[in-house]
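Below is structure-v9.cif, which holds mmCIF, C-alpha atoms and all ligand atoms.
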```cif
data_protein
#
loop_
_atom_site.label_atom_id
_atom_site.label_comp_id
_atom_site.auth_asym_id
_atom_site.auth_seq_id
_atom_site.Cartn_x
_atom_site.Cartn_y
_atom_site.Cartn_z
CA MET A 1 -19.43 38.49 -24.38
CA ASN A 2 -15.98 38.85 -22.92
CA ASP A 3 -15.62 37.53 -19.33
CA ARG A 4 -12.00 38.56 -18.82
CA THR A 5 -12.66 40.66 -15.76
CA SER A 6 -16.06 40.05 -14.24
CA PRO A 7 -15.83 37.81 -11.15
CA HIS A 8 -19.45 36.80 -10.94
CA ALA A 9 -20.62 37.08 -14.50
CA PRO A 10 -23.72 34.93 -14.88
CA THR A 11 -22.37 31.73 -16.31
CA ALA A 12 -25.52 30.07 -17.59
CA LEU A 13 -23.11 28.22 -19.82
CA PRO A 14 -24.66 24.86 -20.60
CA PHE A 15 -22.42 21.82 -20.21
CA VAL A 16 -22.72 19.29 -23.00
CA VAL A 17 -22.11 15.86 -21.50
CA GLU A 18 -20.53 13.11 -23.59
CA ARG A 19 -20.26 9.96 -21.49
CA ASN A 20 -17.21 7.76 -21.89
CA ALA A 21 -18.30 4.81 -24.00
CA HIS A 22 -15.39 2.74 -22.71
CA PRO A 23 -15.09 3.46 -18.98
CA VAL A 24 -12.66 1.47 -16.87
CA ASN A 25 -14.46 -1.70 -15.80
CA SER A 26 -15.44 -2.08 -12.17
CA GLU A 27 -12.88 -4.82 -11.32
CA GLU A 28 -10.02 -2.76 -12.73
CA ARG A 29 -11.32 0.35 -10.98
CA ALA A 30 -11.47 -1.50 -7.65
CA ARG A 31 -7.88 -2.64 -8.17
CA LEU A 32 -6.73 0.91 -8.91
CA LEU A 33 -8.63 2.36 -5.95
CA ALA A 34 -7.17 -0.09 -3.43
CA ASP A 35 -3.82 1.73 -3.41
CA PRO A 36 -3.99 4.76 -5.68
CA GLY A 37 -0.98 6.71 -4.36
CA PHE A 38 -1.02 10.30 -5.59
CA GLY A 39 -1.67 11.60 -9.10
CA ARG A 40 -1.46 8.37 -11.08
CA VAL A 41 -5.03 7.09 -11.16
CA PHE A 42 -7.42 9.12 -13.31
CA THR A 43 -11.16 8.92 -13.73
CA ASP A 44 -13.12 8.31 -16.92
CA HIS A 45 -13.97 11.93 -17.75
CA MET A 46 -12.69 15.48 -17.87
CA VAL A 47 -14.23 18.91 -18.21
CA MET A 48 -13.15 21.29 -20.93
CA ILE A 49 -14.17 24.92 -21.51
CA ARG A 50 -12.79 27.20 -24.18
CA TYR A 51 -12.15 30.91 -24.23
CA ASN A 52 -11.32 33.38 -26.92
CA ASP A 53 -11.36 37.15 -26.89
CA ALA A 54 -14.23 37.31 -29.39
CA LYS A 55 -16.64 34.83 -27.74
CA GLY A 56 -15.54 34.82 -24.11
CA TRP A 57 -16.06 31.50 -22.31
CA HIS A 58 -17.89 28.98 -24.45
CA ASP A 59 -18.18 25.34 -25.43
CA ALA A 60 -18.33 23.80 -21.93
CA LYS A 61 -18.08 20.02 -22.11
CA VAL A 62 -17.85 16.97 -19.93
CA MET A 63 -16.14 14.40 -22.10
CA PRO A 64 -14.13 11.17 -21.97
CA ARG A 65 -10.65 11.81 -20.53
CA GLY A 66 -8.11 11.53 -23.30
CA PRO A 67 -5.12 13.06 -25.05
CA LEU A 68 -5.19 16.56 -26.49
CA SER A 69 -4.02 17.31 -29.96
CA ILE A 70 -2.35 20.69 -30.11
CA ASP A 71 -0.33 22.61 -32.65
CA PRO A 72 3.41 22.73 -31.84
CA ALA A 73 3.21 26.53 -32.01
CA THR A 74 0.62 26.67 -29.21
CA ALA A 75 1.71 29.54 -26.97
CA VAL A 76 1.86 27.61 -23.68
CA LEU A 77 4.53 25.28 -25.08
CA HIS A 78 6.81 28.28 -25.57
CA TYR A 79 6.06 30.87 -22.93
CA ALA A 80 4.47 28.78 -20.15
CA GLN A 81 1.32 30.82 -19.76
CA GLU A 82 -0.37 28.21 -17.56
CA ILE A 83 -2.05 28.14 -14.14
CA PHE A 84 -3.66 25.43 -12.06
CA GLU A 85 -5.48 24.63 -8.85
CA GLY A 86 -5.65 21.63 -6.55
CA LEU A 87 -8.51 20.70 -4.24
CA LYS A 88 -10.12 17.56 -2.93
CA ALA A 89 -13.63 16.18 -3.14
CA TYR A 90 -14.60 13.97 -0.20
CA LYS A 91 -17.16 11.26 0.35
CA LEU A 92 -18.76 12.17 3.68
CA ALA A 93 -19.88 9.72 6.33
CA ASP A 94 -23.49 9.97 5.09
CA GLY A 95 -22.39 9.07 1.57
CA SER A 96 -22.80 12.57 0.12
CA MET A 97 -20.00 14.27 -1.78
CA ALA A 98 -18.44 17.56 -0.78
CA LEU A 99 -15.75 20.07 -1.68
CA PHE A 100 -13.63 21.99 0.82
CA ARG A 101 -13.66 25.77 0.27
CA PRO A 102 -13.93 25.61 -3.54
CA GLU A 103 -14.77 29.31 -3.70
CA ALA A 104 -11.31 30.02 -2.27
CA ASN A 105 -9.72 28.00 -5.06
CA ALA A 106 -11.94 29.79 -7.58
CA ARG A 107 -10.73 33.15 -6.28
CA ARG A 108 -7.09 32.08 -6.25
CA PHE A 109 -7.45 30.78 -9.82
CA ARG A 110 -8.64 34.23 -10.87
CA ASP A 111 -5.76 35.86 -8.99
CA SER A 112 -3.31 33.54 -10.74
CA ALA A 113 -4.94 34.33 -14.09
CA GLN A 114 -4.52 38.05 -13.43
CA ARG A 115 -0.83 37.65 -12.60
CA LEU A 116 -0.22 35.60 -15.75
CA ALA A 117 -2.25 38.00 -17.94
CA MET A 118 -4.79 35.29 -18.73
CA ALA A 119 -8.56 35.34 -19.14
CA GLU A 120 -10.35 35.01 -15.80
CA LEU A 121 -12.79 32.18 -15.34
CA PRO A 122 -15.94 33.34 -13.48
CA GLU A 123 -16.00 31.78 -10.02
CA ASP A 124 -19.39 30.14 -10.41
CA LEU A 125 -18.31 28.52 -13.67
CA PHE A 126 -15.20 27.17 -11.91
CA ILE A 127 -17.37 25.65 -9.16
CA GLU A 128 -19.89 24.27 -11.63
CA SER A 129 -17.06 22.57 -13.53
CA LEU A 130 -16.04 20.81 -10.30
CA ARG A 131 -19.60 19.74 -9.62
CA GLN A 132 -19.83 18.28 -13.12
CA ILE A 133 -16.67 16.16 -12.89
CA VAL A 134 -17.34 14.88 -9.37
CA THR A 135 -20.91 13.97 -10.24
CA ILE A 136 -20.08 12.01 -13.37
CA ASP A 137 -17.07 10.25 -11.79
CA ARG A 138 -18.63 9.60 -8.38
CA ASP A 139 -17.60 5.92 -8.50
CA TRP A 140 -13.94 6.92 -8.29
CA PHE A 141 -13.71 7.82 -4.59
CA PRO A 142 -11.20 5.46 -2.98
CA ASP A 143 -12.71 3.87 0.11
CA ILE A 144 -9.45 3.94 2.05
CA GLU A 145 -8.16 5.92 5.04
CA GLY A 146 -7.38 9.46 3.83
CA GLY A 147 -8.73 8.72 0.34
CA SER A 148 -10.32 11.43 -1.81
CA LEU A 149 -10.85 12.62 -5.34
CA TYR A 150 -8.15 15.18 -6.08
CA LEU A 151 -9.36 17.77 -8.58
CA ARG A 152 -6.93 19.50 -10.87
CA PRO A 153 -8.44 22.47 -12.71
CA PHE A 154 -5.91 24.09 -15.04
CA MET A 155 -5.80 26.53 -17.92
CA PHE A 156 -3.31 27.20 -20.65
CA ALA A 157 -2.66 29.62 -23.49
CA SER A 158 -3.91 27.91 -26.63
CA GLU A 159 -3.37 30.54 -29.31
CA VAL A 160 -1.13 29.35 -32.13
CA PHE A 161 1.33 32.21 -32.26
CA LEU A 162 5.02 32.70 -31.48
CA GLY A 163 4.91 36.40 -30.64
CA VAL A 164 5.41 37.14 -26.95
CA LYS A 165 2.08 38.54 -25.70
CA PRO A 166 -0.90 37.35 -23.65
CA SER A 167 -2.73 34.68 -25.59
CA SER A 168 -6.12 35.54 -27.04
CA GLU A 169 -7.34 31.94 -26.54
CA TYR A 170 -7.35 29.60 -23.55
CA ILE A 171 -8.37 26.04 -22.75
CA TYR A 172 -9.57 25.23 -19.23
CA ILE A 173 -9.66 21.59 -18.16
CA VAL A 174 -10.53 19.76 -14.96
CA LEU A 175 -9.05 16.35 -14.28
CA ALA A 176 -9.99 14.14 -11.36
CA SER A 177 -7.53 11.74 -9.77
CA SER A 178 -8.31 9.19 -7.07
CA VAL A 179 -5.70 9.66 -4.35
CA GLY A 180 -4.48 8.38 -1.02
CA GLY A 181 -1.60 10.03 0.86
CA TYR A 182 0.87 12.33 -0.90
CA PHE A 183 4.05 10.92 0.62
CA LYS A 184 5.07 7.44 -0.46
CA SER A 185 7.37 6.67 2.44
CA GLY A 186 4.61 6.51 5.05
CA ALA A 187 7.20 7.76 7.57
CA PRO A 188 5.67 9.47 10.63
CA ALA A 189 7.45 12.76 9.83
CA ILE A 190 9.20 14.14 6.75
CA SER A 191 12.80 15.26 6.45
CA LEU A 192 13.68 18.50 4.69
CA LEU A 193 16.73 19.87 2.90
CA VAL A 194 17.17 23.64 2.88
CA SER A 195 18.13 24.69 -0.63
CA GLN A 196 21.29 26.82 -0.55
CA GLU A 197 21.63 27.29 -4.26
CA HIS A 198 18.11 27.73 -5.61
CA THR A 199 15.19 29.94 -4.73
CA ARG A 200 11.60 29.44 -5.83
CA ALA A 201 10.29 32.98 -6.18
CA ALA A 202 11.51 36.56 -6.00
CA PRO A 203 9.77 39.78 -4.97
CA GLY A 204 7.75 41.02 -7.92
CA GLY A 205 7.72 37.55 -9.47
CA THR A 206 5.02 34.89 -9.61
CA GLY A 207 5.50 33.15 -6.24
CA ALA A 208 1.97 33.93 -5.06
CA ALA A 209 0.40 32.59 -8.26
CA LYS A 210 -0.23 28.91 -8.82
CA CYS A 211 1.48 28.70 -12.19
CA GLY A 212 3.33 25.74 -13.63
CA GLY A 213 6.50 27.79 -14.04
CA ASN A 214 6.96 28.05 -10.26
CA TYR A 215 7.00 24.29 -10.02
CA ALA A 216 9.35 23.90 -12.98
CA ALA A 217 11.71 26.29 -11.20
CA SER A 218 11.62 24.16 -8.04
CA LEU A 219 12.39 20.80 -9.64
CA VAL A 220 16.20 20.88 -9.67
CA ALA A 221 16.27 21.54 -5.94
CA GLN A 222 13.52 18.99 -5.26
CA ALA A 223 15.22 16.29 -7.35
CA ASP A 224 18.52 16.97 -5.58
CA ALA A 225 16.81 16.59 -2.19
CA ILE A 226 15.12 13.32 -3.20
CA ALA A 227 18.41 11.95 -4.54
CA LYS A 228 19.95 12.66 -1.13
CA GLY A 229 17.13 10.88 0.70
CA PHE A 230 15.06 13.89 1.81
CA ASP A 231 11.33 14.27 1.24
CA GLN A 232 11.05 17.97 0.38
CA VAL A 233 13.01 21.18 -0.10
CA VAL A 234 12.73 24.28 2.07
CA PHE A 235 13.05 27.44 -0.01
CA LEU A 236 14.54 30.58 1.50
CA ASP A 237 13.79 34.11 0.33
CA ALA A 238 15.58 35.20 -2.83
CA ALA A 239 16.87 38.55 -1.52
CA GLU A 240 18.66 37.64 1.72
CA ARG A 241 18.69 33.82 1.51
CA ARG A 242 17.73 33.76 5.13
CA TRP A 243 13.96 33.84 5.64
CA VAL A 244 12.07 30.58 5.47
CA GLU A 245 9.36 30.74 2.81
CA GLU A 246 7.71 27.41 2.01
CA LEU A 247 8.26 23.97 0.50
CA GLY A 248 7.85 23.23 -3.21
CA GLY A 249 4.18 22.40 -2.68
CA MET A 250 3.28 23.18 0.93
CA ASN A 251 3.22 26.01 3.48
CA LEU A 252 5.04 25.81 6.81
CA PHE A 253 4.05 26.24 10.45
CA PHE A 254 6.19 26.40 13.60
CA VAL A 255 4.94 25.49 17.09
CA PHE A 256 6.60 26.88 20.23
CA SER A 257 6.92 25.71 23.81
CA ASP A 258 4.88 28.71 25.01
CA GLY A 259 1.93 27.41 22.97
CA SER A 260 2.16 30.05 20.22
CA ILE A 261 2.50 29.26 16.52
CA GLN A 262 4.09 31.09 13.60
CA THR A 263 3.98 30.92 9.81
CA PRO A 264 5.78 33.01 7.18
CA PRO A 265 3.70 36.03 6.07
CA LEU A 266 2.12 36.26 2.63
CA GLY A 267 4.25 38.80 0.87
CA GLY A 268 3.90 37.87 -2.77
CA THR A 269 6.60 35.20 -2.86
CA ILE A 270 4.71 32.31 -1.28
CA LEU A 271 1.44 30.66 -2.21
CA PRO A 272 -1.53 31.82 -0.10
CA GLY A 273 -2.50 28.30 0.93
CA ILE A 274 -6.13 27.55 1.69
CA THR A 275 -5.07 24.93 4.24
CA ARG A 276 -2.79 27.55 5.82
CA ASP A 277 -5.71 29.96 6.06
CA ALA A 278 -8.02 27.30 7.55
CA LEU A 279 -5.44 26.34 10.19
CA LEU A 280 -4.82 29.99 11.10
CA THR A 281 -8.55 30.47 11.55
CA LEU A 282 -8.95 27.35 13.71
CA ALA A 283 -5.93 28.21 15.85
CA ARG A 284 -7.11 31.79 16.45
CA GLU A 285 -10.53 30.47 17.40
CA ASP A 286 -8.85 28.25 19.98
CA GLY A 287 -7.24 31.35 21.51
CA ILE A 288 -3.77 30.35 20.34
CA VAL A 289 -1.31 33.19 19.78
CA VAL A 290 -0.61 33.19 16.04
CA ARG A 291 2.12 35.16 14.31
CA GLU A 292 2.38 35.64 10.55
CA GLU A 293 5.97 36.85 10.69
CA PRO A 294 9.27 36.09 9.01
CA TYR A 295 11.31 33.30 10.59
CA SER A 296 14.97 32.84 9.71
CA ILE A 297 16.68 29.53 9.14
CA GLU A 298 19.25 30.37 11.87
CA GLN A 299 16.42 30.98 14.34
CA TRP A 300 14.70 27.75 13.32
CA GLN A 301 17.85 25.78 14.06
CA ALA A 302 18.55 27.66 17.32
CA ASP A 303 14.96 27.23 18.53
CA ALA A 304 14.90 23.53 17.64
CA GLU A 305 18.18 23.00 19.48
CA SER A 306 17.13 24.97 22.55
CA GLY A 307 13.72 23.31 22.76
CA ARG A 308 11.88 26.63 22.27
CA LEU A 309 10.48 25.12 19.07
CA THR A 310 8.60 21.93 19.83
CA GLU A 311 6.98 21.07 16.48
CA ALA A 312 6.93 22.09 12.84
CA PHE A 313 4.62 20.95 10.08
CA ALA A 314 3.89 21.37 6.40
CA CYS A 315 0.36 21.87 5.13
CA GLY A 316 -1.48 21.86 1.84
CA THR A 317 -4.28 20.16 -0.02
CA ALA A 318 -2.17 17.21 -1.09
CA ALA A 319 -0.11 16.95 2.10
CA VAL A 320 -2.97 17.88 4.49
CA VAL A 321 -0.93 18.41 7.70
CA THR A 322 2.43 16.62 7.67
CA PRO A 323 4.84 16.69 10.62
CA ILE A 324 8.45 17.68 9.99
CA GLY A 325 10.99 15.55 11.84
CA ARG A 326 14.39 16.70 10.67
CA VAL A 327 15.89 19.61 8.74
CA THR A 328 19.29 19.85 7.08
CA GLY A 329 20.63 23.34 6.43
CA ALA A 330 23.96 25.02 5.79
CA ASN A 331 24.95 24.57 9.45
CA GLY A 332 24.15 20.90 9.70
CA ALA A 333 21.09 18.86 10.56
CA PHE A 334 18.70 19.35 13.44
CA SER A 335 15.72 17.42 14.77
CA ILE A 336 12.45 18.94 15.86
CA GLY A 337 11.06 17.72 19.16
CA ALA A 338 11.28 13.95 19.25
CA GLY A 339 11.46 13.84 15.43
CA GLY A 340 7.94 12.45 15.02
CA PRO A 341 4.40 13.83 14.98
CA GLY A 342 3.83 16.21 17.89
CA GLN A 343 0.62 16.65 19.84
CA PHE A 344 -0.29 20.05 18.44
CA THR A 345 0.27 18.94 14.83
CA THR A 346 -1.83 15.83 15.35
CA ARG A 347 -4.62 17.82 16.99
CA MET A 348 -4.75 20.41 14.18
CA LYS A 349 -4.74 17.71 11.53
CA ASP A 350 -7.55 15.81 13.25
CA ARG A 351 -9.62 18.99 13.62
CA LEU A 352 -9.20 19.96 9.99
CA VAL A 353 -9.88 16.48 8.64
CA ALA A 354 -12.98 16.12 10.83
CA ILE A 355 -14.43 19.31 9.30
CA GLN A 356 -13.43 18.29 5.76
CA ARG A 357 -15.08 14.88 6.20
CA GLY A 358 -18.28 16.27 7.71
CA LEU A 359 -17.54 14.73 11.13
CA ALA A 360 -17.34 18.03 13.03
CA PRO A 361 -19.38 21.25 13.00
CA ASP A 362 -18.53 23.59 10.15
CA PRO A 363 -19.25 27.10 11.48
CA HIS A 364 -17.40 28.78 8.59
CA HIS A 365 -19.37 26.91 5.92
CA TRP A 366 -16.17 25.60 4.40
CA VAL A 367 -17.74 22.36 3.22
CA MET A 368 -19.84 22.59 0.06
CA ARG A 369 -22.09 19.57 -0.33
CA LEU A 370 -22.67 18.55 -3.92
CA ASP A 371 -25.71 16.33 -3.49
N1 LIG B 1 2.51 26.19 -1.38
C1 LIG B 1 2.65 25.65 -2.60
C2 LIG B 1 3.84 26.03 -3.41
C3 LIG B 1 1.68 24.75 -3.09
O1 LIG B 1 1.80 24.19 -4.29
C4 LIG B 1 0.57 24.42 -2.28
C5 LIG B 1 -0.45 23.48 -2.73
O2 LIG B 1 -1.39 23.82 -3.35
C6 LIG B 1 0.47 25.03 -1.01
C7 LIG B 1 1.45 25.90 -0.60
C8 LIG B 1 -0.70 24.78 -0.13
O3 LIG B 1 -1.85 25.38 -0.65
P1 LIG B 1 -3.31 24.80 -0.37
O4 LIG B 1 -3.40 24.65 1.10
O5 LIG B 1 -4.22 25.80 -0.93
O6 LIG B 1 -3.37 23.49 -1.07
C1 LIG B 2 -1.72 20.68 -3.84
O1 LIG B 2 -1.53 20.44 -2.66
O2 LIG B 2 -2.85 20.69 -4.34
C2 LIG B 2 -0.63 21.02 -4.76
O3 LIG B 2 -0.86 21.55 -5.78
C3 LIG B 2 0.72 20.68 -4.40
C4 LIG B 2 1.37 19.65 -5.24
C5 LIG B 2 2.61 19.25 -4.50
C6 LIG B 2 0.54 18.46 -5.54
#
```

Let me see the structure of the file written as structure tokens.
Ligand code: PLP
Ligand code: COI
Amino acid sequence: MNDRTSPHAPTALPFVVERNAHPVNSEERARLLADPGFGRVFTDHMVMIRYNDAKGWHDAKVMPRGPLSIDPATAVLHYAQEIFEGLKAYKLADGSMALFRPEANARRFRDSAQRLAMAELPEDLFIESLRQIVTIDRDWFPDIEGGSLYLRPFMFASEVFLGVKPSSEYIYIVLASSVGGYFKSGAPAISLLVSQEHTRAAPGGTGAAKCGGNYAASLVAQADAIAKGFDQVVFLDAAERRWVEELGGMNLFFVFSDGSIQTPPLGGTILPGITRDALLTLAREDGIVVREEPYSIEQWQADAESGRLTEAFACGTAAVVTPIGRVTGANGAFSIGAGGPGQFTTRMKDRLVAIQRGLAPDPHHWVMRLD
């Protein structure tokens, strides 16, 4: 059966579980979990599911995490047909494990697959794959402030063929990584460099898809910013080089002195962030005036300098809600508010985290308990 297009095809795909015979021992795991950072500490297992045009999705496995052996002519190595997701599993106060809005990631993964002409993974199979990895690696939650298990589902073109066409075979994998905060510096607010030379995505391109190529395209600008002492790059739109889009891995919000907030609209060139959507929902519920409208870099600077803009923050799964303190653009640097975390930003972060951690009511049913 071919599952390329059906969103809710019954998965009933059995997972064969092969436990890692040599898991990391508990002392070493405790050492790793004390200060995991981001994206360096991996658990003992991974999930793998295969697809080909003849069989559809098949061969679902939970297996020891380890290297892949692939043919050098594997399509992804040449034409970058690859997509991924990022979401966190949390240990709640009552000890149970939960995911935050995994069905939204499942849907976005399908949207990304469509854009990259890849096979679409049924949403319930995506969610089941997350349940499998979190369950088997439940000892890998770091018991530290802000700690979680970051899940990285991804899929790549695995056909061995050098012709340029959509692959007829795919491998889907889920990794789990014990994480703390995303930013190393621990500074109260991040500093941003506005990229003058590079853009991340163009109209008609892949900016709204979560594909590896978008991140590859952002690295020169990001590395340049880091080398100059900044934390992240702000990308402007590709057509006019004027409208603020997003950071390399986070969406942006602006907070004004009249109490309203604004974020760039989803127009195909920025990633439709799930954190962005959750914050928009919470803010609207609070009666806050919310605009999803373009905001220019000139206006950002003018508003910061006049005091009309009081706060700005970045948001995403990895970054959660991160205050922005200072921005450097073509017309010099400017600070936002007092340059540290503002009240609104802190309040939104606390509200979101309380829901994610099961400490506040969850009227939208965003939290999916796994046990
Ligand atoms: N924008 C980009 C380019 C990202 O990589 C991410 C992270 O996934 C986000 C925005 C935020 O998306 P989300 O809130 O779904 O993590
Ligand atoms: C995430 O927040 O999940 C991302 O994919 C962004 C990346 C910077 C880690």

With distances taken over all atoms listed in the file, the candidate from A:Val289, A:Ala217, A:Met250, A:Leu280 nearest ligand LIG 2 (chain B) is A:Met250

I'd like a table as a tab-separated table: residues in chain A with an atom no more than 8 Å from ligand LIG 1 (chain B), each row giving the shortest atom pair and its distance in Å to one decimal, only C-alpha atoms and all ligand atoms counted, sorted by chain and rising residue number.
```
residue	atom	partner	partner_atom	distance
A:Glu85	CA	B:LIG1	O2	6.9
A:Gly86	CA	B:LIG1	O2	5.8
A:Leu87	CA	B:LIG1	O6	6.7
A:Asn105	CA	B:LIG1	O5	7.2
A:Gly207	CA	B:LIG1	C2	7.8
A:Lys210	CA	B:LIG1	O1	6.8
A:Asn214	CA	B:LIG1	C2	7.8
A:Tyr215	CA	B:LIG1	C2	7.5
A:Glu246	CA	B:LIG1	N1	6.3
A:Leu247	CA	B:LIG1	C2	6.3
A:Gly248	CA	B:LIG1	C2	4.9
A:Gly249	CA	B:LIG1	O1	3.4
A:Met250	CA	B:LIG1	C7	3.6
A:Asn251	CA	B:LIG1	C7	4.4
A:Ile270	CA	B:LIG1	N1	6.5
A:Leu271	CA	B:LIG1	N1	4.7
A:Pro272	CA	B:LIG1	O3	6.5
A:Gly273	CA	B:LIG1	O3	3.4
A:Ile274	CA	B:LIG1	O5	3.7
A:Thr275	CA	B:LIG1	O4	3.6
A:Arg276	CA	B:LIG1	O4	5.6
A:Asp277	CA	B:LIG1	O4	7.6
A:Cys315	CA	B:LIG1	C8	6.1
A:Gly316	CA	B:LIG1	O4	3.5
A:Thr317	CA	B:LIG1	O6	3.6
A:Ala318	CA	B:LIG1	O6	6.4
A:Ala319	CA	B:LIG1	O6	8.0
A:Val320	CA	B:LIG1	O4	7.6
```

In terms of the shortest atom-to-atom distance over all atoms listed in the file, which of A:Ile70, A:Val62, A:Ala189, A:Ala34 is closest to Gly146 of chain A?
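Closest to Gly146 of chain A, using all atoms listed in the file: A:Ala34.
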
Please list, as a list of chain:residue names, the residues that have an atom at most 10 Å away from (-8.1, -0.1, -3.2) in the coordinates of this file, counting all atoms listed in the file.
A:Arg29, A:Ala30, A:Arg31, A:Leu32, A:Leu33, A:Ala34, A:Asp35, A:Pro36, A:Gly37, A:Phe141, A:Pro142, A:Asp143, A:Ile144, A:Gly147, A:Gly180

Exercise: segment 125-139 of chain A partners within 8 Å, all atoms listed in the file, chain neighbours under 6 positions left out, as a list in words:
Thr11, Leu13, Thr43, Asp44, His45, Met46, Val47, Val62, Ala89, Pro102, Glu103, Ala106, Leu149, Leu151, Val174, Leu175, Ala176 and Leu370 of chain A

Requested write-out: C-alpha atoms of the selected residues, as a PDB file, keeping the file's coordinate frame:
```
ATOM      1  CA  THR A  11     -22.370  31.730 -16.310  1.00  0.00           C
ATOM      2  CA  LEU A  13     -23.110  28.220 -19.820  1.00  0.00           C
ATOM      3  CA  THR A  43     -11.160   8.920 -13.730  1.00  0.00           C
ATOM      4  CA  ASP A  44     -13.120   8.310 -16.920  1.00  0.00           C
ATOM      5  CA  HIS A  45     -13.970  11.930 -17.750  1.00  0.00           C
ATOM      6  CA  MET A  46     -12.690  15.480 -17.870  1.00  0.00           C
ATOM      7  CA  VAL A  47     -14.230  18.910 -18.210  1.00  0.00           C
ATOM      8  CA  VAL A  62     -17.850  16.970 -19.930  1.00  0.00           C
ATOM      9  CA  ALA A  89     -13.630  16.180  -3.140  1.00  0.00           C
ATOM     10  CA  PRO A 102     -13.930  25.610  -3.540  1.00  0.00           C
ATOM     11  CA  GLU A 103     -14.770  29.310  -3.700  1.00  0.00           C
ATOM     12  CA  ALA A 106     -11.940  29.790  -7.580  1.00  0.00           C
ATOM     13  CA  LEU A 149     -10.850  12.620  -5.340  1.00  0.00           C
ATOM     14  CA  LEU A 151      -9.360  17.770  -8.580  1.00  0.00           C
ATOM     15  CA  VAL A 174     -10.530  19.760 -14.960  1.00  0.00           C
ATOM     16  CA  LEU A 175      -9.050  16.350 -14.280  1.00  0.00           C
ATOM     17  CA  ALA A 176      -9.990  14.140 -11.360  1.00  0.00           C
ATOM     18  CA  LEU A 370     -22.670  18.550  -3.920  1.00  0.00           C
TER      19      LEU A 370
END
```

Can you tell me how far atom CA of Ala60 of chain A sits from atom CA of Val24 of chain A, in Å to one decimal?
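Going from atom CA of Ala60 of chain A over to atom CA of Val24 of chain A covers 23.6 Å.
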
Name the residues, using the chain letters and numbers of the file, that sit within 12 Å of (5.1, 32.3, -27.3) when counting all atoms listed in the file, and give them as a list of chain:residue names.
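Those residues, ordered by chain and then number, are A:Pro72, A:Ala73, A:Thr74, A:Ala75, A:Val76, A:Leu77, A:His78, A:Tyr79, A:Ala80, A:Gln81, A:Glu82, A:Phe156, A:Ala157, A:Ser158, A:Glu159, A:Val160, A:Phe161, A:Leu162, A:Gly163, A:Val164, A:Lys165, A:Pro166, A:Ser167, A:Ser168.
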
Residue among A:Ser218, A:Gln196, A:Ser177, A:Thr310 lying closest to Gln343 of chain A, counting all atoms listed in the file
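Checking each candidate against Gln343 of chain A, we get A:Thr310 as the closest.
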
Could you jot down the atom CA of Arg308 of chain A to atom CA of Phe334 of chain A separation for me, Å, one decimal place?
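Pair atom CA of Arg308 of chain A / atom CA of Phe334 of chain A returns 13.3 Å.
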
Measure the distance from atom CA of Arg242 of chain A to atom CA of Ile288 of chain A in Å and round it to one decimal.
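Distance between the two atoms: 26.6 Å.
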
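With all atoms listed in the file as the atoms that count, the residue of A:Asp350, A:Asp371, A:Glu120, A:Asp286 with the shortest distance to Arg50 of chain A is A:Glu120.
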
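Minimum distance to ligand LIG 2 (chain B) across A:Trp57, A:Tyr182, A:Phe154, A:Phe253 (counting all atoms listed in the file) occurs at A:Tyr182.
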
Point out the residue among A:Thr322, A:Asn20, A:Ser257, A:Asn25 with the least atom-to-atom distance to ligand LIG 2 (chain B), counting all atoms listed in the file.
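Checking each of A:Thr322, A:Asn20, A:Ser257, A:Asn25 against ligand LIG 2 (chain B), counting all atoms listed in the file, the winner is A:Thr322.
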
Shell around Val290 of chain A at 8 Å using all atoms listed in the file, local window under 5 positions removed, as a list in words
Ser260, Ile261, Gln262, Leu280, Ala283 and Arg284 of chain A

Contact residues around Arg369 of chain A with only C-alpha atoms at 7 Å, ignoring same-chain residues under 4 positions, as a list in words:
Met97, Ala98 and Leu99 of chain A

Take every atom of segment 211-229 of chain A listed in the file, pad by 6 Å on each side, and give me the axis-aligned box centre and edge lengths in Å, one decimal, as JSON.
```
{"center_x": 10.7, "center_y": 19.8, "center_z": -6.7, "size_x": 30.5, "size_y": 29.8, "size_z": 26.7}
```
